[in-house]
file structure03.csv (CSV, C-alpha atoms)
chain,number,residue,atom,x,y,z
A,1451,VAL,CA,-3.1,3.6,25.1
A,1452,LYS,CA,-4.1,7.2,25.3
A,1453,THR,CA,-2.1,9.8,23.4
A,1454,SER,CA,-2.5,13.2,21.8
A,1455,ALA,CA,-2.2,13.9,18.1
A,1456,VAL,CA,-2.3,16.9,15.8
A,1457,VAL,CA,-4.5,17.1,12.8
A,1458,ALA,CA,-2.1,16.8,9.8
A,1459,GLY,CA,-4.8,17.1,7.1
A,1460,ILE,CA,-8.3,16.5,6.0
A,1461,GLU,CA,-9.5,15.6,2.5
A,1462,ARG,CA,-12.9,15.1,1.1
A,1463,LEU,CA,-13.2,11.6,-0.5
A,1464,THR,CA,-16.9,11.8,-1.5
A,1465,HIS,CA,-19.8,14.2,-0.9
A,1466,ASP,CA,-20.1,12.9,2.6
A,1467,ILE,CA,-16.9,11.1,3.6
A,1468,LEU,CA,-13.7,12.8,4.8
A,1469,GLU,CA,-10.3,11.4,5.3
A,1470,LEU,CA,-8.8,12.7,8.5
A,1471,ARG,CA,-5.0,12.3,9.0
A,1472,VAL,CA,-3.5,12.9,12.5
A,1473,GLN,CA,0.1,12.9,13.5
A,1474,VAL,CA,0.5,11.0,16.8
A,1475,LYS,CA,2.9,12.1,19.6
A,1476,ALA,CA,3.5,8.4,20.6
A,1477,LEU,CA,3.3,5.6,18.1
A,1478,LEU,CA,0.1,3.6,18.3
A,1479,THR,CA,0.6,0.0,17.4
A,1480,TYR,CA,-2.5,-1.6,16.0
A,1481,ALA,CA,-3.6,-4.5,13.8
A,1482,PRO,CA,-5.2,-3.6,10.4
A,1483,GLY,CA,-9.0,-3.6,11.0
A,1484,GLN,CA,-8.9,-2.1,14.5
A,1485,TYR,CA,-10.3,1.2,15.6
A,1486,ALA,CA,-9.4,4.2,17.9
A,1487,ARG,CA,-11.5,6.5,20.0
A,1488,LEU,CA,-11.0,10.2,18.9
A,1489,THR,CA,-12.0,13.2,21.1
A,1490,PHE,CA,-12.0,16.6,19.4
A,1491,PRO,CA,-12.0,19.8,21.4
A,1492,GLY,CA,-15.6,20.5,22.7
A,1493,LEU,CA,-17.1,17.3,21.2
A,1494,PRO,CA,-17.9,13.9,22.7
A,1495,ALA,CA,-15.6,10.9,21.9
A,1496,ARG,CA,-16.3,8.8,18.8
A,1497,ASP,CA,-14.8,5.5,17.5
A,1498,TYR,CA,-13.3,5.4,14.0
A,1499,SER,CA,-11.4,2.6,12.2
A,1500,MET,CA,-7.9,3.2,11.0
A,1501,ALA,CA,-7.4,3.4,7.2
A,1502,PRO,CA,-4.0,2.7,5.6
A,1503,SER,CA,-1.5,5.5,6.1
A,1504,GLY,CA,1.9,5.8,4.5
A,1505,ARG,CA,3.6,7.0,7.7
A,1506,ALA,CA,4.3,5.3,11.0
A,1507,ASP,CA,3.6,8.5,13.0
A,1508,GLU,CA,0.3,9.2,11.2
A,1509,LEU,CA,-3.2,7.6,11.5
A,1510,ALA,CA,-5.8,8.0,8.9
A,1511,PHE,CA,-9.6,7.7,9.4
A,1512,HIS,CA,-12.6,7.8,7.0
A,1513,ILE,CA,-15.4,9.8,8.6
A,1514,ARG,CA,-18.9,10.0,7.2
A,1515,GLU,CA,-20.6,13.3,7.8
A,1516,VAL,CA,-24.1,12.6,9.1
A,1517,ALA,CA,-26.6,15.5,8.8
A,1518,GLY,CA,-27.4,16.5,12.3
A,1519,GLY,CA,-24.7,14.3,13.8
A,1520,CYS,CA,-23.2,15.6,17.0
A,1521,VAL,CA,-19.6,14.9,16.0
A,1522,SER,CA,-19.4,13.9,12.4
A,1523,ALA,CA,-21.2,17.0,11.1
A,1524,SER,CA,-18.6,19.1,13.1
A,1525,VAL,CA,-15.4,17.3,12.1
A,1526,ALA,CA,-14.9,19.3,8.9
A,1527,GLN,CA,-15.1,22.6,10.9
A,1528,VAL,CA,-13.2,21.5,14.1
A,1529,ALA,CA,-10.5,19.3,12.6
A,1530,ARG,CA,-8.3,21.9,11.1
A,1531,PRO,CA,-4.5,21.3,10.6
A,1532,GLY,CA,-2.7,21.9,13.9
A,1533,VAL,CA,-5.7,21.2,16.1
A,1534,THR,CA,-5.0,18.7,18.9
A,1535,VAL,CA,-7.1,15.6,19.2
A,1536,GLN,CA,-7.0,12.9,21.8
A,1537,VAL,CA,-6.5,9.3,20.5
A,1538,GLU,CA,-7.2,6.2,22.5
A,1539,GLY,CA,-6.8,2.6,21.4
A,1540,PRO,CA,-6.5,0.3,19.7
A,1541,PHE,CA,-9.8,-1.5,20.1
A,1542,GLY,CA,-11.6,-4.3,18.3
A,1543,ASP,CA,-11.1,-8.0,17.5
A,1544,ALA,CA,-12.0,-7.8,13.7
A,1545,TYR,CA,-8.4,-7.5,12.5
A,1546,LEU,CA,-6.1,-9.3,10.1
A,1547,ARG,CA,-4.4,-12.5,11.4
A,1548,GLU,CA,-1.3,-12.7,9.3
A,1549,ASP,CA,-1.0,-16.5,10.1
A,1550,HIS,CA,-4.3,-17.1,8.4
A,1551,THR,CA,-3.9,-19.2,5.3
A,1552,LYS,CA,-7.5,-19.7,4.1
A,1553,PRO,CA,-9.2,-17.4,1.5
A,1554,ILE,CA,-10.1,-13.9,2.8
A,1555,LEU,CA,-13.6,-12.4,2.3
A,1556,ALA,CA,-13.4,-8.7,2.9
A,1557,VAL,CA,-16.7,-6.8,2.9
A,1558,GLY,CA,-17.2,-3.1,3.7
A,1559,GLY,CA,-19.6,-0.3,2.8
A,1560,GLY,CA,-19.3,3.5,2.9
A,1561,SER,CA,-16.8,4.7,5.4
A,1562,GLY,CA,-16.5,1.1,6.4
A,1563,LEU,CA,-14.0,0.8,3.6
A,1564,ALA,CA,-11.3,2.1,6.0
A,1565,PRO,CA,-10.8,-1.0,8.1
A,1566,ILE,CA,-11.3,-3.4,5.1
A,1567,LEU,CA,-8.8,-1.4,3.0
A,1568,SER,CA,-6.4,-1.5,5.9
A,1569,ILE,CA,-6.7,-5.3,6.2
A,1570,VAL,CA,-6.4,-6.0,2.5
A,1571,SER,CA,-3.5,-3.5,2.1
A,1572,ARG,CA,-1.6,-5.3,4.9
A,1573,ALA,CA,-2.4,-8.8,3.5
A,1574,VAL,CA,-0.9,-7.7,0.1
A,1575,GLU,CA,2.1,-6.1,1.7
A,1576,ALA,CA,2.7,-9.2,3.8
A,1577,ASP,CA,2.6,-11.3,0.6
A,1578,MET,CA,-0.2,-13.5,1.8
A,1579,HIS,CA,-0.9,-15.9,-1.0
A,1580,GLN,CA,-4.5,-16.9,-0.5
A,1581,PRO,CA,-7.3,-15.6,-2.6
A,1582,ILE,CA,-8.8,-12.3,-1.4
A,1583,HIS,CA,-12.4,-11.5,-2.4
A,1584,PHE,CA,-13.0,-7.8,-1.7
A,1585,TYR,CA,-16.6,-6.4,-1.9
A,1586,PHE,CA,-17.3,-2.7,-1.4
A,1587,GLY,CA,-20.9,-1.6,-1.1
A,1588,ALA,CA,-22.2,1.9,-1.8
A,1589,ARG,CA,-25.5,3.5,-2.5
A,1590,ASP,CA,-24.6,5.1,-5.8
A,1591,ASN,CA,-21.6,5.9,-8.0
A,1592,ARG,CA,-21.0,9.2,-6.1
A,1593,ASP,CA,-20.5,7.2,-2.9
A,1594,VAL,CA,-17.7,5.1,-4.4
A,1595,TYR,CA,-14.1,6.1,-3.5
A,1596,GLY,CA,-10.7,4.5,-3.1
A,1597,LEU,CA,-10.7,2.8,-6.6
A,1598,GLN,CA,-7.1,3.8,-7.3
A,1599,GLN,CA,-6.0,2.1,-4.1
A,1600,LEU,CA,-8.1,-0.9,-4.9
A,1601,ASP,CA,-6.8,-1.1,-8.5
A,1602,ALA,CA,-3.2,-0.9,-7.2
A,1603,LEU,CA,-3.9,-3.7,-4.7
A,1604,GLU,CA,-5.4,-5.8,-7.4
A,1605,ARG,CA,-2.4,-5.3,-9.6
A,1606,ALA,CA,0.0,-6.2,-6.7
A,1607,HIS,CA,-1.9,-9.4,-5.7
A,1608,PRO,CA,-2.7,-11.9,-8.5
A,1609,ARG,CA,-5.4,-13.6,-6.4
A,1610,LEU,CA,-7.3,-10.5,-5.4
A,1611,SER,CA,-10.6,-9.8,-6.9
A,1612,ARG,CA,-12.6,-6.6,-6.1
A,1613,HIS,CA,-16.2,-5.9,-6.6
A,1614,VAL,CA,-18.2,-2.7,-6.2
A,1615,VAL,CA,-21.8,-3.3,-5.4
A,1616,LEU,CA,-24.4,-0.5,-5.7
A,1617,SER,CA,-27.7,-0.6,-3.9
A,1618,ALA,CA,-29.4,2.3,-5.7
A,1619,ALA,CA,-27.4,2.9,-8.9
A,1620,ASP,CA,-30.3,4.7,-10.4
A,1621,GLY,CA,-29.9,7.5,-7.9
A,1622,ARG,CA,-32.8,6.7,-5.6
call {"tool": "encode", "arguments": {"input": "structure03.csv", "output": "structure tokens"}}
result
Amino acid sequence: VKTSAVVAGIERLTHDILELRVQVKALLTYAPGQYARLTFPGLPARDYSMAPSGRADELAFHIREVAGGCVSASVAQVARPGVTVQVEGPFGDAYLREDHTKPILAVGGGSGLAPILSIVSRAVEADMHQPIHFYFGARDNRDVYGLQQLDALERAHPRLSRHVVLSAADGR
């Protein structure tokens, strides 16, 4: 499905990760964990996973700004509220199967938290009862975000355990 959307907001989550929220013209039905292809005016298309969004007509994406990146370095300047962006999707086979009854192991790092957070949020919302082991990897404390959401999920699901793993906690 291809549709247009309008940038609804952009928020800095860490020093190099932005959350982009777009309001879609036509609803995009997707499974938690899937991704969409976004095309900003004047930039090549890029794929980004959907993060949880509180609105049916809004999609959220976590985008890491990569120094020298053709698209990611420009998103903060190009993606201003009101700007039109093309959205195509959904794509991807790594998504939540709500009929799954075995334990869930959810692992993500950096902006890869978006699809994993989407999967775990939906599993909790759907009242899936199995244990959920959630691991979020980051380089350092300044790269960690989403802890309030993770804490709320942990409180809502008695068998959810979350772990933040740092690869360079001393700042290297």
call {"tool": "atom_distance", "arguments": {"input": "structure03.csv", "atom1": "atom CA of A:Val1574", "atom2": "atom CA of A:Thr1453"}}
result
29.2 Å
call {"tool": "closest_residue", "arguments": {"input": "structure03.csv", "among": "A:Thr1551, A:Gln1580, A:Ser1499, A:Ser1561", "to": "A:Tyr1595", "atoms": "only C-alpha atoms"}}
result
A:Ser1561
call {"tool": "closest_residue", "arguments": {"input": "structure03.csv", "among": "A:His1579, A:Arg1487, A:Arg1496, A:Arg1530", "to": "A:Ala1458", "atoms": "all atoms listed in the file"}}
result
A:Arg1530
call {"tool": "residues_around", "arguments": {"input": "structure03.csv", "residues": "A:Pro1482", "least_positions_apart": "6", "cutoff": "12 Å", "atoms": "only C-alpha atoms", "output": "VMD selection string"}}
result
chain A and resid 1499 to 1503 1509 to 1510 1540 to 1548 1563 to 1576
call {"tool": "residues_around", "arguments": {"input": "structure03.csv", "residues": "A:Phe1586", "least_positions_apart": "2", "cutoff": "6 Å", "atoms": "all atoms listed in the file", "output": "list in words"}}
result
Val1557, Gly1558, Gly1559 and Val1614 of chain A
call {"tool": "axis_aligned_box", "arguments": {"input": "structure03.csv", "around": "stretch 1544-1549 of chain A", "padding_each_side": "8 Å", "output": "JSON"}}
result
{"center_x": -6.5, "center_y": -12.0, "center_z": 11.5, "size_x": 27.0, "size_y": 25.0, "size_z": 20.4}
call {"tool": "closest_residue", "arguments": {"input": "structure03.csv", "among": "A:Ile1582, A:Leu1488, A:Leu1616, A:Ala1606", "to": "A:Ile1554", "atoms": "all atoms listed in the file"}}
result
A:Ile1582
call {"tool": "closest_residue", "arguments": {"input": "structure03.csv", "among": "A:Ala1495, A:Leu1555, A:Leu1478, A:Val1521", "to": "A:Arg1612", "atoms": "all atoms listed in the file"}}
result
A:Leu1555
call {"tool": "closest_atom_pairs", "arguments": {"input": "structure03.csv", "of": "stretch 1537-1581 of chain A", "to": "stretch 1472-1477 of chain A", "cutoff": "12 Å", "atoms": "all atoms listed in the file", "output": "CSV"}}
result
residue,atom,partner,partner_atom,distance
A:Val1537,CA,A:Val1474,CA,8.1
A:Glu1538,CA,A:Val1474,CA,10.7
A:Gly1539,CA,A:Leu1477,CA,11.0
A:Pro1540,CA,A:Leu1477,CA,11.3
call {"tool": "write_last_selection", "arguments": {"input": "structure03.csv", "atoms": "C-alpha atoms", "output": "PDB file, in the coordinates of the input"}}
result
ATOM      1  CA  VAL A1537      -6.500   9.300  20.500  1.00  0.00           C
ATOM      2  CA  GLU A1538      -7.200   6.200  22.500  1.00  0.00           C
ATOM      3  CA  GLY A1539      -6.800   2.600  21.400  1.00  0.00           C
ATOM      4  CA  PRO A1540      -6.500   0.300  19.700  1.00  0.00           C
TER       5      PRO A1540
END
